[in-house]
Amino acid sequence: MTRKQKRLSVIAGALAFLGAATALTFYALGQKASYFYMPADLQTATLQPGQRIRLGGLVEGGSIVRGQGTQVEFSVTDSEKTVKVRYTGILPDLFREGQGVITEGSFGPDNEFIADSVLAKHDENYMPKEVADSLKAKGVWQETTQ
Amino acid sequence: MVETGHFALILALVLSLVQSLVPLYGAHKGDARLMAVGGPVTVTGFAMIALSFAALTVAYVQSDFSVTNVWENSHSLQPLIYKFTGTWGNHEGSMLLWVLILSFFGALVAAFGGNLPATLRANVLAVQGWIGTAFLLFILITSNPFARLVPAPIEGKDLNPILQDIGLAVHPPLLYLGYVGFSVCFSFAVAALIEGRIDAAWARWVRPWTLAAWVFLTGGIAMGSYWAYYELGWGGFWFWDPVENASFMPWLSGTALLHSAIVMEKRSALKIWTLLLAILTFSLSLLGTFLVRSGVLTSVHSFASDPSRGVFILCILTLFIGGSLALFALRASSLTAGGIFHPISREGALVLNNLFLTTATATVLIGTLYPLIVEAMFGDKISVGEPFFNLTFGPLMIPLLVVVPFGPLLAWKRGDVFAVAQRLMFAFGAALLAVLVTYLFIDGASVFAALGAGLAAWLVLGALTDLALKAGIGNVAPDVALRRFLGLPRSVFGTAIAHLGLGLTLLGIVGVLSFEKEAILVMKPGQVMEISGHSLRFDGLTPVRGPNFTEEQGNFSLLDAGGQPSAVIMSSKRFYPVRQMPTTEAGIKTMWLSQLYISLGDEAGDGSVVVRVWWKPLVTLIWGGSLVMMLGGFVSLLDRRLRVGAPARRKSAQAKTSPVTP
């Protein structure tokens, strides 16, 4: 191989590598990014069975039911629609009725949302941004000032 | 005192403007007197910002609630250490820390840059001045920490309880020393572009700054990871959270820069690429600052979001990244290109390292920004998390880690892979053994775990092989080998130690991901549970009153084989009344390299409580390995070639070898 051919083959190798990495990245974005929904959005959304999504809203007052051990059920609402969520594990410190939460997981066969993670806010001023934006859009947002 | 701080900050801005313009003009005109202005102005600017920072600290320590910032983020009952660290536990204070460290690095360049050519030094200081001016303006216009409050409230609103931890004393300063340390590399790169001249000596001057910044950033990220691990009570060490990614991206590209600068210094190749990496690394630091400080992302790091701040930082970001890249596009072609080399060589290996690391940086960047872009363009809210990064970042890292031991053993110019492979036979055999032992003798070991353990062993032993071969162990008499070993350059030790640390971190990650055990259960007082061969007894809850919180302490006893308590572990749920906020304080017992981690959930009323217990094997290696990596960087920094004050080149030689390209 001449020097030029050698250099070309190195460049071609690098480009092929970058191409593969790019393809993998876009594949992963398509497959692994999870969409965020509020309960009312779910009517129009088309979800594959078992597709992972993030479901956000407010924890409905009086909906928290503790089961055996660390099982817990609660409802997430956007004041329009309500979705029942089942979760096993320790709830975050700031999980309370009427508070904003984001749960991540997928819908089970009986149309209950099985969450494997529940996020609540980090401090008392913090509302998950997605939840706050959507609530504002629906006009049920109340500015909580101190 | 508070007003003094404010005035000092304004004065620092004025000095920073002088620093931005005068040395630059001097370098352009070749006026030595104007260029000499840079040094003293930079040092004085640093002194002013330090005074300003001290003023804010005093206000915090004295709980001066007439200062809005102190009122919002402090409380008179807070322990002194948190009053002190609270200075940067908020948006305004942390930006002030940012510019303090920026000006500190500028002052270091001014103080220790005596061996730099006068024009380069002047230009570097000027570019540091631009960054300083931008951020001082940002603080004074949008985030003034010294704003007063009339009438002064009697009591403050308390620091966010999650931040009331020793981690706040360590993580942000270290992280900023890393983030902002890369500004020096950026300034050197831009200065080189302004002068239109770059040579191997440039790399020798930039490398110590890169190394120092890298060491600090490694420490900052590792500390942040450990802090999140024990403070948030989720027991995870990395969440691929956008804020974590923001610090990880400059680390990845900084690591690439560290390696490409070696090629540039030794072989005078990859010049333009190294320059670009220096620009990109600091650009990623700026991007990180934007993501964390502007409020586009919500996390424990975003203290308060104010749209004007986001726009301001975005402007700074665009100006610096766009400006430097435009300058690069204009000037790069006029720089003399570096030498060409054989692909199979030390240079070739380092290029491969750069290819992998920059591609990995790009995947993290895409994963971090994609949700923001999608939301801005389509309004869809998506999240990109661990599954994405496992699929993209993982496959990029594994081949890179496999080839790491080859790099230092390959010769410059033209290497021989087969010869190197032969020398690594022992390390390879031992790694294979590690795979087999893990797979056959450890319960529940998956193929992934076995291969991971083997890869970690490969990295560790490969690093040791490198040292052994360079000392000639086995080939020469032991006393000669010992003498040679002790006489090896520090940079060789640095490389080996850092690569070894990488192997240890990997071993920790593999240990936790593969062999972690988790149990969630409701425990009554007196109840005993078993996890990975450890018996844990719950002894009940005790209410405790702290200085500014109340807590329910869960007491646990670790039982030995005879059922007798051998250690006590305390895990608690705290409540901070001022912010009406509960926190979880994990109970952690370190046993050799592994940890038992207990976090409390809700009480059930009858004294029983939900308990989450993890057995985390080898988990401490994740951060221990990072410390070893830092040590490697530090040892490298002590290398003769890089030592501050070491004569770089003779003046006459310099005049000959650096042709002025117009």
# chains A, B, ... in the order shown; residues from 1 in each chain; ligands from 1

$ interface_residues --of "chain B" --to "chain A" --cutoff "6 Å" --atoms "only C-alpha atoms" --output "JSON, numbers by chain"
{"B": [381, 382, 383, 384, 387, 388, 392, 522, 582, 601]}

$ residues_around --residues "Gln48 in chain A" --least-positions-apart "6" --cutoff "12 Å" --atoms "only C-alpha atoms" --output "mmCIF file with N, CA and C atoms, in the first residue's frame"
data_model
loop_
_atom_site.group_PDB
_atom_site.id
_atom_site.type_symbol
_atom_site.label_atom_id
_atom_site.label_comp_id
_atom_site.auth_asym_id
_atom_site.auth_seq_id
_atom_site.Cartn_x
_atom_site.Cartn_y
_atom_site.Cartn_z
ATOM 1 N N GLN A 31 -35.343 3.487 20.732
ATOM 2 C CA GLN A 31 -35.814 2.372 21.548
ATOM 3 C C GLN A 31 -35.898 2.706 23.029
ATOM 4 N N SER A 106 -44.448 0.592 33.181
ATOM 5 C CA SER A 106 -45.293 0.295 32.022
ATOM 6 C C SER A 106 -46.649 -0.216 32.502
ATOM 7 N N PHE A 107 -47.604 -0.270 31.568
ATOM 8 C CA PHE A 107 -48.934 -0.720 31.933
ATOM 9 C C PHE A 107 -48.978 -2.235 32.002
ATOM 10 N N GLY A 108 -49.618 -2.741 33.057
ATOM 11 C CA GLY A 108 -49.788 -4.182 33.197
ATOM 12 C C GLY A 108 -51.025 -4.628 32.444
ATOM 13 N N PRO A 109 -51.330 -5.931 32.449
ATOM 14 C CA PRO A 109 -52.447 -6.464 31.690
ATOM 15 C C PRO A 109 -53.803 -5.901 32.126
#

$ select_by_dssp --residues "chain A" --states "strand (DSSP E)" --output "PDB file with C-alpha atoms, in the first residue's frame"
ATOM      1  CA  SER A  34     -39.170   7.015  27.487  1.00  0.00           C
ATOM      2  CA  TYR A  35     -41.968   9.468  26.817  1.00  0.00           C
ATOM      3  CA  PHE A  36     -43.703  11.474  29.466  1.00  0.00           C
ATOM      4  CA  TYR A  37     -47.487  11.455  29.738  1.00  0.00           C
ATOM      5  CA  ILE A  53     -43.189   5.503  29.825  1.00  0.00           C
ATOM      6  CA  ARG A  54     -43.056   8.117  32.501  1.00  0.00           C
ATOM      7  CA  LEU A  55     -46.389   9.000  34.009  1.00  0.00           C
ATOM      8  CA  GLY A  56     -46.678  12.223  35.926  1.00  0.00           C
ATOM      9  CA  GLY A  57     -49.297  14.134  37.839  1.00  0.00           C
ATOM     10  CA  LEU A  58     -50.506  14.773  41.324  1.00  0.00           C
ATOM     11  CA  VAL A  59     -50.991  12.059  43.905  1.00  0.00           C
ATOM     12  CA  VAL A  65     -53.387   2.230  49.930  1.00  0.00           C
ATOM     13  CA  ARG A  66     -50.588   0.298  51.568  1.00  0.00           C
ATOM     14  CA  GLN A  71     -46.507  -2.749  48.284  1.00  0.00           C
ATOM     15  CA  VAL A  72     -48.377   0.458  47.733  1.00  0.00           C
ATOM     16  CA  GLU A  73     -51.097   1.650  45.406  1.00  0.00           C
ATOM     17  CA  PHE A  74     -52.011   5.209  44.637  1.00  0.00           C
ATOM     18  CA  SER A  75     -53.645   7.226  41.914  1.00  0.00           C
ATOM     19  CA  VAL A  76     -52.032   9.829  39.761  1.00  0.00           C
ATOM     20  CA  THR A  77     -54.323  12.522  38.497  1.00  0.00           C
ATOM     21  CA  THR A  82     -56.861   9.354  36.934  1.00  0.00           C
ATOM     22  CA  VAL A  83     -54.575   6.370  36.625  1.00  0.00           C
ATOM     23  CA  LYS A  84     -53.991   3.750  39.277  1.00  0.00           C
ATOM     24  CA  VAL A  85     -50.338   3.018  39.975  1.00  0.00           C
ATOM     25  CA  ARG A  86     -48.904   0.003  41.719  1.00  0.00           C
ATOM     26  CA  TYR A  87     -45.425   0.141  43.194  1.00  0.00           C
ATOM     27  CA  THR A  88     -43.311  -2.015  45.451  1.00  0.00           C
ATOM     28  CA  GLY A 100     -46.436  16.173  42.094  1.00  0.00           C
ATOM     29  CA  VAL A 101     -44.780  12.894  41.202  1.00  0.00           C
ATOM     30  CA  ILE A 102     -43.265  11.174  38.222  1.00  0.00           C
ATOM     31  CA  THR A 103     -43.520   7.418  38.059  1.00  0.00           C
ATOM     32  CA  GLU A 104     -41.685   5.296  35.554  1.00  0.00           C
ATOM     33  CA  GLY A 105     -42.751   1.877  34.344  1.00  0.00           C
ATOM     34  CA  SER A 106     -45.293   0.295  32.022  1.00  0.00           C
ATOM     35  CA  PHE A 107     -48.934  -0.720  31.933  1.00  0.00           C
ATOM     36  CA  PHE A 113     -49.601   1.177  35.795  1.00  0.00           C
ATOM     37  CA  ILE A 114     -46.782  -0.863  37.318  1.00  0.00           C
ATOM     38  CA  ALA A 115     -44.100   1.588  38.372  1.00  0.00           C
ATOM     39  CA  ASP A 116     -40.567   0.571  39.139  1.00  0.00           C
ATOM     40  CA  SER A 117     -39.480   4.011  40.193  1.00  0.00           C
ATOM     41  CA  VAL A 118     -41.255   6.932  41.788  1.00  0.00           C
ATOM     42  CA  LEU A 119     -39.695  10.364  41.862  1.00  0.00           C
ATOM     43  CA  ALA A 120     -40.960  13.160  44.002  1.00  0.00           C
TER      44      ALA A 120
END

$ residues_around --residues "Gly13 in chain A" --least-positions-apart "6" --cutoff "12 Å" --atoms "only C-alpha atoms" --output "list in words"
Lys6, Arg7, Gly19 and Ala20 of chain A; Pro343, Leu352 and Leu355 of chain B

$ write_last_selection --atoms "N, CA and C atoms" --output "JSON list (two decimals), in the first residue's frame"
[["chain", "number", "residue", "atom", "x", "y", "z"],
["A", 6, "LYS", "N", -2.78, 4.04, 2.61],
["A", 6, "LYS", "CA", -2.76, 3.73, 4.04],
["A", 6, "LYS", "C", -3.57, 4.76, 4.82],
["A", 7, "ARG", "N", -3.29, 6.02, 4.47],
["A", 7, "ARG", "CA", -3.99, 7.08, 5.19],
["A", 7, "ARG", "C", -5.49, 7.00, 4.93],
["A", 19, "GLY", "N", -19.70, 5.98, 12.01],
["A", 19, "GLY", "CA", -21.01, 5.65, 11.44],
["A", 19, "GLY", "C", -21.73, 4.64, 12.30],
["A", 20, "ALA", "N", -20.99, 3.61, 12.72],
["A", 20, "ALA", "CA", -21.59, 2.57, 13.56],
["A", 20, "ALA", "C", -22.07, 3.17, 14.88],
["B", 343, "PRO", "N", 0.05, 3.78, 11.81],
["B", 343, "PRO", "CA", -1.11, 3.56, 12.68],
["B", 343, "PRO", "C", -0.81, 2.66, 13.88],
["B", 352, "LEU", "N", -6.48, 6.21, 18.78],
["B", 352, "LEU", "CA", -7.60, 5.31, 19.01],
["B", 352, "LEU", "C", -8.31, 5.70, 20.30],
["B", 355, "LEU", "N", -10.33, 8.69, 19.61],
["B", 355, "LEU", "CA", -11.51, 8.38, 18.79],
["B", 355, "LEU", "C", -12.63, 7.84, 19.69]]

$ atom_distance --atom1 "CA of Ser94 in chain B" --atom2 "CA of Thr289 in chain B"
10.6 Å

$ residues_around --residues "Arg207 in chain B" --least-positions-apart "5" --cutoff "9 Å" --atoms "only C-alpha atoms" --output "list in words"
Cys185, Trp202, Ala212, Leu257, Leu258, Ala261, Ile262, Glu265, Leu637 and Leu642 of chain B

$ write_last_selection --atoms "C-alpha atoms" --output "mmCIF file, in the first residue's frame"
data_model
loop_
_atom_site.group_PDB
_atom_site.id
_atom_site.type_symbol
_atom_site.label_atom_id
_atom_site.label_comp_id
_atom_site.auth_asym_id
_atom_site.auth_seq_id
_atom_site.Cartn_x
_atom_site.Cartn_y
_atom_site.Cartn_z
ATOM 1 C CA CYS B 185 -6.285 25.036 28.354
ATOM 2 C CA TRP B 202 2.789 24.624 23.656
ATOM 3 C CA ALA B 212 -4.317 19.467 37.329
ATOM 4 C CA LEU B 257 -7.034 15.992 25.683
ATOM 5 C CA LEU B 258 -4.601 14.635 28.251
ATOM 6 C CA ALA B 261 -1.318 16.408 24.288
ATOM 7 C CA ILE B 262 1.224 13.629 24.936
ATOM 8 C CA GLU B 265 4.509 17.022 22.986
ATOM 9 C CA LEU B 637 2.247 16.295 37.451
ATOM 10 C CA LEU B 642 6.315 19.471 33.661
#

$ select_by_dssp --residues "range 443-558 of chain B" --states "helix (DSSP H, G or I)" --output "count of residues only"
61

$ closest_residue --among "B:Val528, B:Val190, B:Ala36, B:Met523" --to "Leu325 in chain B" --atoms "only C-alpha atoms"
B:Val190
